[in-house]
Amino acid sequence: MKLLTISERLGMVNYRNQGKSQATPHIKVNTDICNSTCQHKCTTMVCPANCYTLDEMNKVHFQFEDCIECGTCMFACDQGAVKWSYPDPENGRGVNWNFG
Amino acid sequence: MDDKFDCIIVGGGIAGLSAALTLAKANMRFLLIERGEFSGAKNVSGGVLWGNDLNRLVPNYWEEEDAGFERFIKHRRLTFADHESSFSLDFKSAHYEKPPYAGLVVLRSKFDNWLAGKVEEAIAASDFPEESFIATNILVEEVIKENGKVVGIRAGEEQFFADCVIIAEGVNNLLTRQIGLQDDYVPADYMATGIKEVIRFDQKVLEDRFQLKELGGMSNEFVGASITNGIEGGGFLYTNRDSVSIGLVLSIKDMREKLKKSGKSIYDVLNDFKKHPVVAEMIEGGEIVEYSAHVVSMGDMRVMPKEIYADGVMLTGEAANLLMNSGKAIQGMDYAMHSGILAAETVVEAKKAGDFSANTMKNYRAKLENSYVLKDLKNLQGAVHLLHDKTLMNDVPNLVCDFAKQFFTIKNEPTEPTRKLLSRSINKHSSYMDLLKIGLKGAKAL
Ligand SMILES: Cc1cc2nc3c(=O)[nH]c(=O)nc-3n(C[C@H](O)[C@H](O)[C@H](O)COP(=O)(O)OP(=O)(O)OC[C@H]3O[C@@H](n4cnc5c(N)ncnc54)[C@H](O)[C@@H]3O)c2cc1C
Ligand code: SF4
Ligand code: SF4
């Protein structure tokens, strides 16, 4: 069967508050830590929604909009860079699973 | 109405809803708060709800036209795979057709919502139909303590008070950490990520492919390095009515160490699993309708909170990391259900005794210790540790597939004695010594 890319997969996710232009971020990442002391940069590989990415200069960037609230980065980051919380139901992003 | 509830439940997943249903039937006044738009909107599982605790909560649920579940388990399969073969333990029985069923395949968005409906019905039938509530779309931000005792919660500007609080917030347990029962940072060591797709088929195609009759369904677990790219964990495939749930459970710590080397991301590992020749044939022609993921505990008790109760508060379900992963099944939902029921029973006792301090809350631990939840968790820790064992996870699947290939291949040549075939496979993929060690560990663990 056809295998999907990550953007095709995320395209199927039913995100909340998509109409709102400015959603409040629910996860804050101190990328200064990512780009100085962190050796493994593992969140760029373990995040199932590709919210942590590396650019050509090997610098870590984070965006919360595609986050599917799985919690992985909260455990995976052992460098203290991730401040994790749940999205605000009114003003945050986050998911509404159709199947779960 | 008194301005204080008997109990506030945080989280309307399986643990929270099971507690709520038990409280409603016991005529308690409670408030359940769920952050999702509805119960289930935020929840992901494989998943099979094992055992028959549901029958305790909703007697004869199977008599309902559509009781929230997809299929009952009639056919179980545990598959060991190498890169091209599979060797399965396969068990199917008409015995499983009779309710109460041994396991139910569920999709949480639907199942939790159905269970929430049962709670609403029970509230309506209770002595306080106007005084217990399920409130959705509200995020609890803080557990309020007074003089060291939990007395309520805060959501935004609003505060609600109760004699006690049941925390049923799931594995991403921010509130459990906030009240100090677990450390602020929980390391990845005993945690996994479950990643999954729901793939839809024409129902007839699905039923023919998996030989499903009526609501009978199949559960298939997969073990082997070629299933998980060598990462600690395993695969699953469960049949829903007109779709399958397929995915992997992968150790976060092991991914941190191994993904970099392979240059892959977690979702590539899922694609590799789907490409495995044995798996690819099972899902051929389907249409992906959802991609999802969620953290899941691995059943190692070392990650559990320091205590599962304190003055005015109890932890249930995966908020307390109550989960068993024995390799042949993941049990998180039944543990959530059972712990939710027991916590609610403790609330009823506390109300009777007029004491919601740790002195009564500790009965919750005692009940859990006496139940299959903590008994199994304690007794099967050896089996859980065994799942981290390289010999078992990598060598054994390769070995059995290699042996089976030789055993089942008929070549029009003189056949070698089976003993010799086995010995060759063992020496190729492992050693008698390693197998002996695993055998001894296994015997001790079970
Ligand atoms: C891929 C995968 C496969 C799995 N397979 C199986 C399986 O086959 N069988 C099995 O038994 N288990 C399985 N599990 C484990 C199972 O899903 C969990 O153990 C189970 O869901 C735990 O139930 P719970 O009620 O404790 O928590 P959850 O189901 O996580 O529910 C927690 C609820 O609390 C809500 N919440 C959290 N914080 C707040 C807050 N602050 N305010 C308001 N609401 C809040 C959430 O929105 C959620 O509804 C699997 C898990 C995964 C990820
Ligand atoms: S593991 Fe932590 S510090 Fe390292 S890149 Fe990821 S978020 Fe940044
Ligand atoms: S919670 Fe999950 S999806 Fe969201 S950023 Fe962290 S790892 Fe990615």
# chains A, B, ... in the order shown; residues from 1 in each chain; ligands from 1

call {"tool": "residues_around", "arguments": {"residues": "Asp32 of chain A", "least_positions_apart": "2", "cutoff": "12 Å", "atoms": "only C-alpha atoms", "output": "list of chain:residue names"}}
result
A:Lys28, A:Val29, A:Asn30, A:Cys34, A:Asn35, A:Ser36, A:Thr37, A:Cys38, A:Lys59, A:Val60, A:His61, A:Phe62, A:Gln79, A:Gly80, A:Ala81, A:Val82

call {"tool": "write_last_selection", "arguments": {"atoms": "N, CA and C atoms", "output": "compact mmCIF listing (two decimals), in the first residue's frame"}}
result
# COMPACT_ATOMS: atom_id res chain seq x y z
N LYS A 28 6.95 25.35 25.15
CA LYS A 28 7.99 26.35 24.88
C LYS A 28 9.34 25.64 24.93
N VAL A 29 10.13 25.88 23.91
CA VAL A 29 11.44 25.23 23.84
C VAL A 29 12.53 26.29 23.86
N ASN A 30 13.45 26.13 24.76
CA ASN A 30 14.58 27.03 24.83
C ASN A 30 15.64 26.55 23.83
N CYS A 34 19.22 23.77 22.87
CA CYS A 34 19.31 22.83 21.73
C CYS A 34 20.56 23.10 20.91
N ASN A 35 20.83 24.38 20.71
CA ASN A 35 21.88 24.74 19.77
C ASN A 35 23.22 25.05 20.44
N SER A 36 23.32 24.74 21.73
CA SER A 36 24.63 24.90 22.37
C SER A 36 25.09 23.58 22.99
N THR A 37 24.40 23.15 24.05
CA THR A 37 24.94 22.00 24.80
C THR A 37 24.37 20.64 24.38
N CYS A 38 23.24 20.62 23.71
CA CYS A 38 22.61 19.32 23.43
C CYS A 38 23.37 18.55 22.34
N LYS A 59 20.90 23.64 12.93
CA LYS A 59 20.27 24.35 14.04
C LYS A 59 18.85 23.84 14.27
N VAL A 60 18.47 23.73 15.54
CA VAL A 60 17.13 23.22 15.87
C VAL A 60 16.10 24.34 15.86
N HIS A 61 14.96 24.08 15.22
CA HIS A 61 13.83 25.01 15.27
C HIS A 61 12.62 24.26 15.80
N PHE A 62 11.76 24.99 16.51
CA PHE A 62 10.55 24.35 17.04
C PHE A 62 9.31 25.14 16.64
N GLN A 79 17.60 17.65 28.61
CA GLN A 79 18.45 18.83 28.73
C GLN A 79 17.74 20.00 29.40
N GLY A 80 16.49 19.80 29.76
CA GLY A 80 15.74 20.87 30.41
C GLY A 80 15.31 21.99 29.48
N ALA A 81 15.22 21.70 28.18
CA ALA A 81 14.87 22.76 27.23
C ALA A 81 13.36 22.84 26.97
N VAL A 82 12.62 21.79 27.32
CA VAL A 82 11.20 21.73 26.95
C VAL A 82 10.32 22.08 28.15

call {"tool": "select_by_dssp", "arguments": {"residues": "segment 264-430 of chain B", "states": "helix (DSSP H, G or I)", "output": "VMD selection string"}}
result
chain B and resid 266 to 275 277 to 283 301 to 303 317 to 320 333 to 353 358 to 369 372 to 379 381 to 386 390 to 408 418 to 429

call {"tool": "closest_atom_pairs", "arguments": {"of": "chain B", "to": "ligand 2", "cutoff": "12 Å", "atoms": "only C-alpha atoms and all ligand atoms", "output": "JSON lines"}}
result
{"residue": "B:Pro187", "atom": "CA", "partner": "ligand 2", "partner_atom_place_in_ligand_line": "1 (S)", "distance": 11.8}
{"residue": "B:Ala188", "atom": "CA", "partner": "ligand 2", "partner_atom_place_in_ligand_line": "1 (S)", "distance": 11.1}
{"residue": "B:Ile252", "atom": "CA", "partner": "ligand 2", "partner_atom_place_in_ligand_line": "1 (S)", "distance": 11.4}
{"residue": "B:Lys253", "atom": "CA", "partner": "ligand 2", "partner_atom_place_in_ligand_line": "1 (S)", "distance": 11.3}
{"residue": "B:Met255", "atom": "CA", "partner": "ligand 2", "partner_atom_place_in_ligand_line": "1 (S)", "distance": 11.8}
{"residue": "B:Arg256", "atom": "CA", "partner": "ligand 2", "partner_atom_place_in_ligand_line": "1 (S)", "distance": 8.7}
{"residue": "B:Glu257", "atom": "CA", "partner": "ligand 2", "partner_atom_place_in_ligand_line": "1 (S)", "distance": 11.6}

call {"tool": "closest_residue", "arguments": {"among": "A:His26, A:Arg9, A:Lys83, A:Arg16", "to": "chain B", "atoms": "only C-alpha atoms"}}
result
A:Arg9

call {"tool": "select_by_dssp", "arguments": {"residues": "segment 18-92 of chain A", "states": "strand (DSSP E or B)", "output": "ChimeraX atom specification"}}
result
/A:24,27-29,52-54,60-62,82-84,92

call {"tool": "write_last_selection", "arguments": {"atoms": "N, CA, C and O atoms", "output": "PDB file, in the first residue's frame"}}
result
ATOM      1  N   THR A  24      -2.303  30.293  21.044  1.00  0.00           N
ATOM      2  CA  THR A  24      -1.310  30.407  22.114  1.00  0.00           C
ATOM      3  C   THR A  24      -0.464  29.137  22.155  1.00  0.00           C
ATOM      4  O   THR A  24      -1.019  28.049  22.212  1.00  0.00           O
ATOM      5  N   ILE A  27       3.679  24.612  24.212  1.00  0.00           N
ATOM      6  CA  ILE A  27       5.002  24.064  24.533  1.00  0.00           C
ATOM      7  C   ILE A  27       6.027  25.147  24.211  1.00  0.00           C
ATOM      8  O   ILE A  27       5.940  25.786  23.162  1.00  0.00           O
ATOM      9  N   LYS A  28       6.945  25.353  25.146  1.00  0.00           N
ATOM     10  CA  LYS A  28       7.986  26.349  24.883  1.00  0.00           C
ATOM     11  C   LYS A  28       9.338  25.638  24.928  1.00  0.00           C
ATOM     12  O   LYS A  28       9.614  24.874  25.846  1.00  0.00           O
ATOM     13  N   VAL A  29      10.130  25.879  23.914  1.00  0.00           N
ATOM     14  CA  VAL A  29      11.436  25.229  23.843  1.00  0.00           C
ATOM     15  C   VAL A  29      12.525  26.291  23.863  1.00  0.00           C
ATOM     16  O   VAL A  29      12.485  27.237  23.071  1.00  0.00           O
ATOM     17  N   TYR A  52      10.042  19.536  15.754  1.00  0.00           N
ATOM     18  CA  TYR A  52      11.445  19.921  15.944  1.00  0.00           C
ATOM     19  C   TYR A  52      12.184  19.601  14.642  1.00  0.00           C
ATOM     20  O   TYR A  52      12.198  18.456  14.208  1.00  0.00           O
ATOM     21  N   THR A  53      12.780  20.604  14.027  1.00  0.00           N
ATOM     22  CA  THR A  53      13.472  20.352  12.756  1.00  0.00           C
ATOM     23  C   THR A  53      14.891  20.915  12.802  1.00  0.00           C
ATOM     24  O   THR A  53      15.197  21.809  13.599  1.00  0.00           O
ATOM     25  N   LEU A  54      15.730  20.395  11.961  1.00  0.00           N
ATOM     26  CA  LEU A  54      17.108  20.879  11.829  1.00  0.00           C
ATOM     27  C   LEU A  54      17.231  21.617  10.505  1.00  0.00           C
ATOM     28  O   LEU A  54      16.745  21.134   9.482  1.00  0.00           O
ATOM     29  N   VAL A  60      18.473  23.730  15.535  1.00  0.00           N
ATOM     30  CA  VAL A  60      17.133  23.216  15.866  1.00  0.00           C
ATOM     31  C   VAL A  60      16.098  24.339  15.858  1.00  0.00           C
ATOM     32  O   VAL A  60      16.344  25.428  16.393  1.00  0.00           O
ATOM     33  N   HIS A  61      14.964  24.078  15.223  1.00  0.00           N
ATOM     34  CA  HIS A  61      13.833  25.006  15.268  1.00  0.00           C
ATOM     35  C   HIS A  61      12.621  24.255  15.796  1.00  0.00           C
ATOM     36  O   HIS A  61      12.475  23.065  15.557  1.00  0.00           O
ATOM     37  N   PHE A  62      11.759  24.988  16.509  1.00  0.00           N
ATOM     38  CA  PHE A  62      10.553  24.354  17.042  1.00  0.00           C
ATOM     39  C   PHE A  62       9.309  25.137  16.639  1.00  0.00           C
ATOM     40  O   PHE A  62       9.308  26.355  16.644  1.00  0.00           O
ATOM     41  N   VAL A  82      12.623  21.788  27.315  1.00  0.00           N
ATOM     42  CA  VAL A  82      11.205  21.735  26.951  1.00  0.00           C
ATOM     43  C   VAL A  82      10.320  22.077  28.146  1.00  0.00           C
ATOM     44  O   VAL A  82      10.380  21.432  29.189  1.00  0.00           O
ATOM     45  N   LYS A  83       9.514  23.121  27.978  1.00  0.00           N
ATOM     46  CA  LYS A  83       8.510  23.432  28.988  1.00  0.00           C
ATOM     47  C   LYS A  83       7.173  23.025  28.401  1.00  0.00           C
ATOM     48  O   LYS A  83       6.677  23.646  27.473  1.00  0.00           O
ATOM     49  N   TRP A  84       6.630  21.955  28.914  1.00  0.00           N
ATOM     50  CA  TRP A  84       5.493  21.283  28.279  1.00  0.00           C
ATOM     51  C   TRP A  84       4.201  21.565  29.026  1.00  0.00           C
ATOM     52  O   TRP A  84       4.147  21.502  30.249  1.00  0.00           O
ATOM     53  N   GLY A  92      -5.768  27.618  22.233  1.00  0.00           N
ATOM     54  CA  GLY A  92      -4.596  26.844  21.831  1.00  0.00           C
ATOM     55  C   GLY A  92      -4.867  26.020  20.594  1.00  0.00           C
ATOM     56  O   GLY A  92      -5.950  26.070  20.014  1.00  0.00           O
TER      57      GLY A  92
END

call {"tool": "interface_residues", "arguments": {"of": "chain A", "to": "chain B", "cutoff": "10 Å", "atoms": "only C-alpha atoms", "output": "NGL selection string"}}
result
:A and (1-6 or 8-14 or 16 or 40-50 or 68-78 or 80 or 84-90 or 94-100)

call {"tool": "atom_distance", "arguments": {"atom1": "atom CA of Asp208 of chain B", "atom2": "atom CA of Leu237 of chain B"}}
result
16.1 Å

call {"tool": "residues_around", "arguments": {"residues": "Leu32 of chain B", "least_positions_apart": "3", "cutoff": "9 Å", "atoms": "only C-alpha atoms", "output": "JSON, numbers by chain"}}
result
{"B": [7, 8, 9, 10, 11, 12, 16, 17, 20, 132, 133, 134, 135, 136]}
